[in-house]
$ cat model31.txt   # compact mmCIF, C-alpha atoms
# COMPACT_ATOMS: atom_id res chain seq x y z
CA MET D 1 -22.13 -12.64 6.85
CA ALA D 2 -19.82 -10.53 4.68
CA ALA D 3 -18.51 -7.46 6.49
CA GLY D 4 -18.77 -3.99 5.03
CA VAL D 5 -20.53 -4.58 1.73
CA ASN D 6 -20.10 -1.28 -0.13
CA SER D 7 -21.88 -2.16 -3.35
CA THR D 8 -23.34 -5.09 -5.18
CA GLY D 9 -23.63 -6.03 -8.81
CA PHE D 10 -21.42 -7.20 -11.65
CA TYR D 11 -19.99 -5.90 -14.90
CA GLY D 12 -23.07 -5.63 -17.08
CA GLN D 13 -25.05 -8.81 -16.64
CA ASP D 14 -22.05 -11.15 -16.59
CA LEU D 15 -22.61 -13.14 -13.41
CA SER D 16 -19.16 -14.72 -13.76
CA ALA D 17 -17.32 -11.45 -13.09
CA PRO D 18 -15.41 -11.60 -9.81
CA THR D 19 -16.20 -9.69 -6.63
CA LEU D 20 -13.42 -7.67 -5.00
CA LEU D 21 -12.67 -8.54 -1.37
CA LEU D 22 -10.71 -5.64 0.14
CA LEU D 23 -8.39 -6.32 3.09
CA PRO D 24 -7.37 -3.11 4.92
CA GLY D 25 -4.07 -1.73 6.16
CA LEU D 26 -2.80 -1.52 9.73
CA ASP D 27 -5.86 0.35 11.01
CA GLY D 28 -8.06 -2.60 10.04
CA SER D 29 -11.12 -0.36 9.73
CA GLY D 30 -11.64 -0.53 5.98
CA THR D 31 -12.80 3.10 5.98
CA LEU D 32 -9.82 4.35 3.99
CA PHE D 33 -10.94 2.49 0.86
CA SER D 34 -13.76 4.94 0.11
CA ASP D 35 -11.96 7.03 -2.56
CA PHE D 36 -10.63 3.91 -4.28
CA VAL D 37 -14.04 2.23 -4.32
CA SER D 38 -15.60 5.38 -5.79
CA GLU D 39 -13.25 5.05 -8.80
CA LEU D 40 -14.31 1.47 -9.55
CA PRO D 41 -17.05 0.69 -12.07
CA PRO D 42 -20.35 1.18 -10.19
CA THR D 43 -21.54 -2.27 -11.19
CA LEU D 44 -18.54 -4.05 -9.67
CA ALA D 45 -19.30 -5.89 -6.44
CA VAL D 46 -17.07 -4.91 -3.53
CA VAL D 47 -16.78 -6.40 -0.04
CA VAL D 48 -14.70 -4.53 2.54
CA ALA D 49 -13.27 -6.42 5.51
CA LYS D 50 -13.19 -4.82 8.95
CA TYR D 51 -10.99 -6.46 11.57
CA PRO D 52 -11.94 -6.71 15.26
CA THR D 53 -10.89 -3.55 17.11
CA GLU D 54 -10.34 -5.01 20.59
CA GLN D 55 -9.22 -8.57 19.87
CA ILE D 56 -5.58 -9.38 19.19
CA LEU D 57 -5.40 -11.77 16.23
CA SER D 58 -2.27 -13.06 14.52
CA TYR D 59 -2.10 -13.46 10.75
CA LEU D 60 -2.84 -17.15 11.22
CA GLU D 61 -5.85 -16.34 13.40
CA LEU D 62 -7.15 -13.85 10.83
CA VAL D 63 -7.27 -16.51 8.08
CA PRO D 64 -10.57 -18.02 9.37
CA PHE D 65 -11.94 -14.48 9.69
CA VAL D 66 -11.25 -13.85 6.00
CA SER D 67 -12.75 -17.24 5.12
CA GLU D 68 -16.01 -16.24 6.79
CA ILE D 69 -16.46 -13.09 4.70
CA VAL D 70 -15.53 -14.59 1.33
CA PRO D 71 -18.41 -14.19 -1.15
CA SER D 72 -20.23 -17.50 -1.31
CA GLY D 73 -20.29 -19.50 -4.54
CA ILE D 74 -18.90 -16.78 -6.82
CA PRO D 75 -15.39 -15.93 -8.09
CA PHE D 76 -13.53 -13.26 -6.14
CA VAL D 77 -10.28 -11.30 -6.21
CA LEU D 78 -8.37 -10.42 -3.05
CA VAL D 79 -7.14 -6.82 -2.88
CA ALA D 80 -4.84 -6.49 0.12
CA GLU D 81 -3.28 -3.29 1.41
CA SER D 82 0.09 -3.18 3.21
CA PHE D 83 -0.46 -4.90 6.60
CA SER D 84 -2.94 -7.34 5.05
CA THR D 85 -0.69 -8.56 2.23
CA PRO D 86 0.94 -11.36 4.29
CA LEU D 87 -2.57 -12.36 5.38
CA ALA D 88 -3.76 -12.46 1.77
CA VAL D 89 -0.82 -14.70 0.85
CA LYS D 90 -1.42 -17.02 3.80
CA PHE D 91 -5.11 -17.25 2.89
CA ALA D 92 -4.42 -17.78 -0.83
CA ALA D 93 -2.01 -20.60 0.03
CA THR D 94 -4.97 -22.58 1.38
CA ARG D 95 -6.28 -22.67 -2.22
CA PRO D 96 -9.74 -21.27 -1.41
CA GLN D 97 -12.45 -22.19 -3.85
CA ASN D 98 -13.38 -19.45 -6.35
CA LEU D 99 -10.29 -17.30 -5.69
CA VAL D 100 -9.32 -16.14 -9.19
CA GLY D 101 -6.79 -13.38 -8.48
CA MET D 102 -4.82 -11.52 -5.85
CA VAL D 103 -3.66 -7.89 -5.71
CA MET D 104 -0.95 -6.76 -3.28
CA CYS D 105 -0.78 -2.99 -2.76
CA ALA D 106 2.44 -1.67 -1.15
CA GLY D 107 2.87 -5.25 0.01
CA PHE D 108 5.48 -7.56 1.51
CA VAL D 109 5.99 -11.16 2.60
CA THR D 110 8.85 -10.54 5.06
CA ASN D 111 9.67 -7.70 7.46
CA PRO D 112 9.68 -4.53 5.31
CA ALA D 113 11.18 -2.26 7.96
CA GLY D 114 14.84 -3.10 7.30
CA ASN D 115 17.06 -0.57 9.10
CA TRP D 116 13.94 0.97 10.66
CA THR D 117 13.14 -2.23 12.58
CA PRO D 118 14.41 -0.97 15.99
CA LEU D 119 12.30 2.18 15.67
CA VAL D 120 9.20 0.24 14.63
CA ARG D 121 9.77 -2.22 17.47
CA ALA D 122 9.81 0.71 19.89
CA LEU D 123 6.40 1.72 18.53
CA THR D 124 4.97 -1.65 19.53
CA ARG D 125 4.72 -0.35 23.09
CA ARG D 126 1.20 0.77 23.88
CA ALA D 127 2.44 3.98 25.50
CA MET D 128 4.18 5.02 22.27
CA LEU D 129 1.04 4.43 20.24
CA ARG D 130 -0.91 6.79 22.48
CA ILE D 131 1.27 9.69 21.30
CA THR D 132 -0.34 11.69 18.50
CA PRO D 133 2.10 11.74 15.55
CA PRO D 134 2.77 15.18 14.03
CA SER D 135 1.60 15.83 10.51
CA TRP D 136 5.11 15.95 9.06
CA ILE D 137 5.81 12.39 10.18
CA LEU D 138 2.58 11.11 8.66
CA GLN D 139 3.30 12.93 5.43
CA HIS D 140 6.92 11.77 5.20
CA PHE D 141 6.29 8.09 5.90
CA VAL D 142 2.67 7.41 5.02
CA MET D 143 0.60 10.00 3.15
CA GLY D 144 3.15 11.81 1.00
CA ASN D 145 3.47 15.54 0.46
CA ASN D 146 0.45 17.84 0.59
CA PRO D 147 -2.30 15.36 1.44
CA THR D 148 -5.78 16.77 1.61
CA PRO D 149 -6.95 17.76 5.10
CA SER D 150 -9.74 15.24 4.62
CA LEU D 151 -7.32 12.36 4.05
CA GLU D 152 -5.24 13.22 7.10
CA ALA D 153 -8.35 13.52 9.25
CA ARG D 154 -9.71 10.19 7.98
CA PHE D 155 -6.35 8.49 8.50
CA ARG D 156 -6.06 9.74 12.08
CA LYS D 157 -9.60 8.61 12.79
CA ALA D 158 -8.95 5.19 11.21
CA ILE D 159 -5.80 4.46 13.21
CA GLY D 160 -7.66 5.48 16.35
CA THR D 161 -10.43 2.91 15.88
CA ALA D 162 -8.42 -0.05 17.20
CA ASP D 163 -7.18 -0.55 20.75
CA THR D 164 -3.51 0.42 21.14
CA GLY D 165 -2.71 -3.14 22.24
CA VAL D 166 -4.21 -4.45 19.01
CA MET D 167 -2.23 -1.95 16.94
CA ALA D 168 0.97 -2.90 18.76
CA ALA D 169 0.32 -6.58 18.07
CA ARG D 170 -0.23 -5.84 14.38
CA LEU D 171 3.08 -4.00 14.19
CA ARG D 172 4.83 -6.97 15.81
CA ALA D 173 3.16 -9.28 13.29
CA VAL D 174 4.58 -7.18 10.45
CA LEU D 175 8.09 -7.35 11.91
CA GLU D 176 7.89 -11.11 12.41
CA CYS D 177 6.11 -12.15 9.22
CA ASP D 178 7.64 -14.59 6.76
CA GLU D 179 5.26 -15.79 4.06
CA LYS D 180 7.80 -16.72 1.39
CA GLU D 181 6.86 -20.41 1.47
CA ASP D 182 3.15 -19.66 1.40
CA LEU D 183 3.63 -17.30 -1.55
CA GLY D 184 5.45 -20.08 -3.38
CA ARG D 185 2.42 -22.31 -2.90
CA THR D 186 0.03 -19.83 -4.47
CA LYS D 187 -1.00 -20.28 -8.09
CA THR D 188 -3.63 -17.59 -8.59
CA PRO D 189 -2.76 -14.66 -10.91
CA LEU D 190 -0.94 -11.96 -8.93
CA LEU D 191 -0.78 -8.19 -9.39
CA TYR D 192 1.65 -6.11 -7.33
CA ILE D 193 0.96 -2.36 -7.12
CA GLN D 194 4.11 -0.52 -6.14
CA ALA D 195 4.19 3.04 -4.80
CA GLU D 196 7.33 4.62 -6.24
CA ARG D 197 7.80 6.97 -3.27
CA ASP D 198 6.91 4.50 -0.54
CA ARG D 199 9.09 5.20 2.51
CA LEU D 200 7.68 2.31 4.53
CA VAL D 201 7.77 -0.60 2.09
CA PRO D 202 10.89 -0.47 -0.12
CA ARG D 203 11.17 -1.69 -3.70
CA GLU D 204 13.07 -4.73 -2.46
CA CYS D 205 9.79 -6.11 -1.10
CA GLY D 206 8.31 -6.15 -4.58
CA ARG D 207 11.47 -7.71 -6.01
CA GLU D 208 11.36 -10.44 -3.37
CA ILE D 209 7.80 -11.27 -4.39
CA GLN D 210 8.78 -11.36 -8.07
CA LEU D 211 11.67 -13.72 -7.33
CA ILE D 212 9.25 -16.15 -5.70
CA ARG D 213 6.47 -15.59 -8.25
CA PRO D 214 8.16 -14.57 -11.54
CA ASP D 215 4.73 -14.39 -13.17
CA THR D 216 3.79 -11.45 -10.93
CA LEU D 217 2.40 -8.49 -12.86
CA LEU D 218 4.03 -5.32 -11.50
CA VAL D 219 2.37 -1.92 -11.84
CA SER D 220 4.39 1.01 -10.52
CA ILE D 221 2.54 4.22 -9.60
CA PRO D 222 4.77 7.29 -10.08
CA ASP D 223 5.19 9.72 -7.15
CA ALA D 224 2.83 7.67 -4.97
CA PRO D 225 3.46 7.38 -1.21
CA HIS D 226 2.69 4.37 0.97
CA LEU D 227 -1.04 5.12 0.95
CA VAL D 228 -1.14 4.47 -2.78
CA LEU D 229 -4.84 3.49 -2.92
CA GLN D 230 -5.74 6.71 -1.13
CA ARG D 231 -3.47 9.14 -3.01
CA GLU D 232 -3.86 7.58 -6.47
CA PRO D 233 -7.25 5.83 -6.34
CA ARG D 234 -8.03 6.24 -10.04
CA LYS D 235 -4.71 4.85 -11.28
CA CYS D 236 -4.99 1.91 -8.88
CA ALA D 237 -8.59 1.24 -9.89
CA GLU D 238 -7.66 1.28 -13.57
CA ALA D 239 -4.78 -1.14 -12.98
CA ILE D 240 -6.99 -3.53 -11.04
CA VAL D 241 -9.82 -3.41 -13.58
CA ARG D 242 -7.32 -4.23 -16.36
CA PHE D 243 -6.04 -7.11 -14.25
CA ILE D 244 -9.56 -8.44 -13.77
CA GLN D 245 -10.22 -8.20 -17.50
CA GLU D 246 -7.05 -10.20 -18.19
CA ILE D 247 -8.14 -12.82 -15.65
CA ASP D 248 -11.52 -13.09 -17.36
CA CYS D 249 -9.83 -13.55 -20.75
CA GLN D 250 -7.68 -16.34 -19.33
CA ARG D 251 -10.61 -18.04 -17.59
CA PHE D 252 -12.81 -18.11 -20.65
CA SER D 253 -10.23 -18.62 -23.40
CA ILE D 254 -10.52 -21.86 -25.32

$ encode --input "model31.txt" --output "structure tokens"
Amino acid sequence: MAAGVNSTGFYGQDLSAPTLLLLPGLDGSGTLFSDFVSELPPTLAVVVAKYPTEQILSYLELVPFVSEIVPSGIPFVLVAESFSTPLAVKFAATRPQNLVGMVMCAGFVTNPAGNWTPLVRALTRRAMLRITPPSWILQHFVMGNNPTPSLEARFRKAIGTADTGVMAARLRAVLECDEKEDLGRTKTPLLYIQAERDRLVPRECGREIQLIRPDTLLVSIPDAPHLVLQREPRKCAEAIVRFIQEIDCQRFSI
């Protein structure tokens, strides 16, 4: 059964319009998509994935999980956020039936940490993840300047939903990922949403994806931090809706 169905329906009465399957960031809860989903057309079908909170699963082990929640018998578009972008690529490389597009938000296919790798590796210890990060760290690296109190509260709650061992394993998966070959095997239309002020995933990650998939459509969101879907939900929604409309034009052109 599909996890976290937020809304159902299609653009107008066009039953061929794709459903959005949202794959969450490191928290895996899917709860941080709420503002973004509220900016989408109300008739657009959305399915939100929620990863197991107490079970350690590698990217490879999460592929069957995604397969199980894919909308049955209808076209769909993957929208993957940060941590889930290598998973989306790995899943798309299996050429799933009815996948018509993929969106990578603040995404990567190899370790994005760069010079920060030793620090991130230190965070993969469960004891480190039990420490409550101060607001200035969250703002600098994740949320950007002056986030709403509501966003910070929701983010803290989201990252606290999963067991610290699970979170540590997800961080290790990010540091060890290499999906360049899988990305090269994908053929579905690809949109990359880049946050211009992302301090976690550098621009080089987007360039690497474009080198492998030169047909990638790049949309850069000015002044956006790593949590681009949360800080700029309307701009992201507009970019994704335009992408879907272009996919529809390509699918039904003669």

$ closest_residue --input "model31.txt" --among "D:Tyr59, D:Phe141, D:Phe91, D:Tyr192" --to "Asp178 (chain D)" --atoms "all atoms listed in the file"
D:Tyr59

$ closest_residue --input "model31.txt" --among "D:Gly28, D:Pro222, D:Pro42, D:Gly107" --to "Val166 (chain D)" --atoms "only C-alpha atoms"
D:Gly28

$ atom_distance --input "model31.txt" --atom1 "CA of Ser135 (chain D)" --atom2 "CA of Gly165 (chain D)"
22.7 Å

$ residues_around --input "model31.txt" --residues "Ile137 (chain D)" --least-positions-apart "5" --cutoff "12 Å" --atoms "only C-alpha atoms" --output "ChimeraX atom specification"
/D:132,142-145,152,199-200

$ atom_distance --input "model31.txt" --atom1 "CA of Val109 (chain D)" --atom2 "CA of Leu62 (chain D)"
15.7 Å

$ residues_around --input "model31.txt" --residues "Arg156 (chain D)" --least-positions-apart "4" --cutoff "12 Å" --atoms "all atoms listed in the file" --output "number ranges by chain"
D: 26-27, 29, 31-32, 130-135, 138-139, 142-143, 149-152, 160-162

$ closest_residue --input "model31.txt" --among "D:Gln230, D:Thr164, D:Thr188, D:Thr94" --to "Gln55 (chain D)" --atoms "all atoms listed in the file"
D:Thr164

$ atom_distance --input "model31.txt" --atom1 "CA of Leu191 (chain D)" --atom2 "CA of Ser34 (chain D)"
20.8 Å

$ closest_residue --input "model31.txt" --among "D:Arg234, D:Arg197, D:Lys187, D:Arg242" --to "Arg95 (chain D)" --atoms "all atoms listed in the file"
D:Lys187

$ decode --input "model31.txt" --residues "region 73-85 of chain D" --atoms "N, CA and C atoms" --output "short mmCIF file (atom, residue, chain, number, x, y, z; two decimals), in the first residue's frame"
data_model
loop_
_atom_site.label_atom_id
_atom_site.label_comp_id
_atom_site.auth_asym_id
_atom_site.auth_seq_id
_atom_site.Cartn_x
_atom_site.Cartn_y
_atom_site.Cartn_z
N GLY D 73 0.00 1.18 -12.04
CA GLY D 73 -0.66 1.30 -13.34
C GLY D 73 -0.82 2.70 -13.88
N ILE D 74 -0.17 3.70 -13.25
CA ILE D 74 -0.31 5.08 -13.74
C ILE D 74 1.08 5.72 -13.81
N PRO D 75 1.26 6.71 -14.70
CA PRO D 75 2.56 7.37 -14.79
C PRO D 75 2.89 8.13 -13.51
N PHE D 76 4.17 8.18 -13.16
CA PHE D 76 4.56 8.91 -11.95
C PHE D 76 5.91 9.57 -12.17
N VAL D 77 6.16 10.61 -11.35
CA VAL D 77 7.40 11.36 -11.36
C VAL D 77 8.02 11.25 -9.97
N LEU D 78 9.29 10.86 -9.92
CA LEU D 78 10.01 10.83 -8.65
C LEU D 78 10.49 12.23 -8.31
N VAL D 79 10.24 12.66 -7.08
CA VAL D 79 10.80 13.91 -6.57
C VAL D 79 11.61 13.55 -5.33
N ALA D 80 12.93 13.58 -5.46
CA ALA D 80 13.80 13.13 -4.38
C ALA D 80 14.55 14.31 -3.77
N GLU D 81 14.61 14.30 -2.45
CA GLU D 81 15.26 15.38 -1.70
C GLU D 81 16.58 14.88 -1.11
N SER D 82 17.67 15.56 -1.40
CA SER D 82 18.97 15.37 -0.76
C SER D 82 19.33 13.90 -0.55
N PHE D 83 19.23 13.38 0.66
CA PHE D 83 19.61 12.00 0.97
C PHE D 83 19.02 11.00 -0.01
N SER D 84 17.81 11.23 -0.47
CA SER D 84 17.11 10.26 -1.32
C SER D 84 17.49 10.34 -2.78
N THR D 85 18.31 11.32 -3.18
CA THR D 85 18.60 11.43 -4.62
C THR D 85 19.42 10.26 -5.15
#
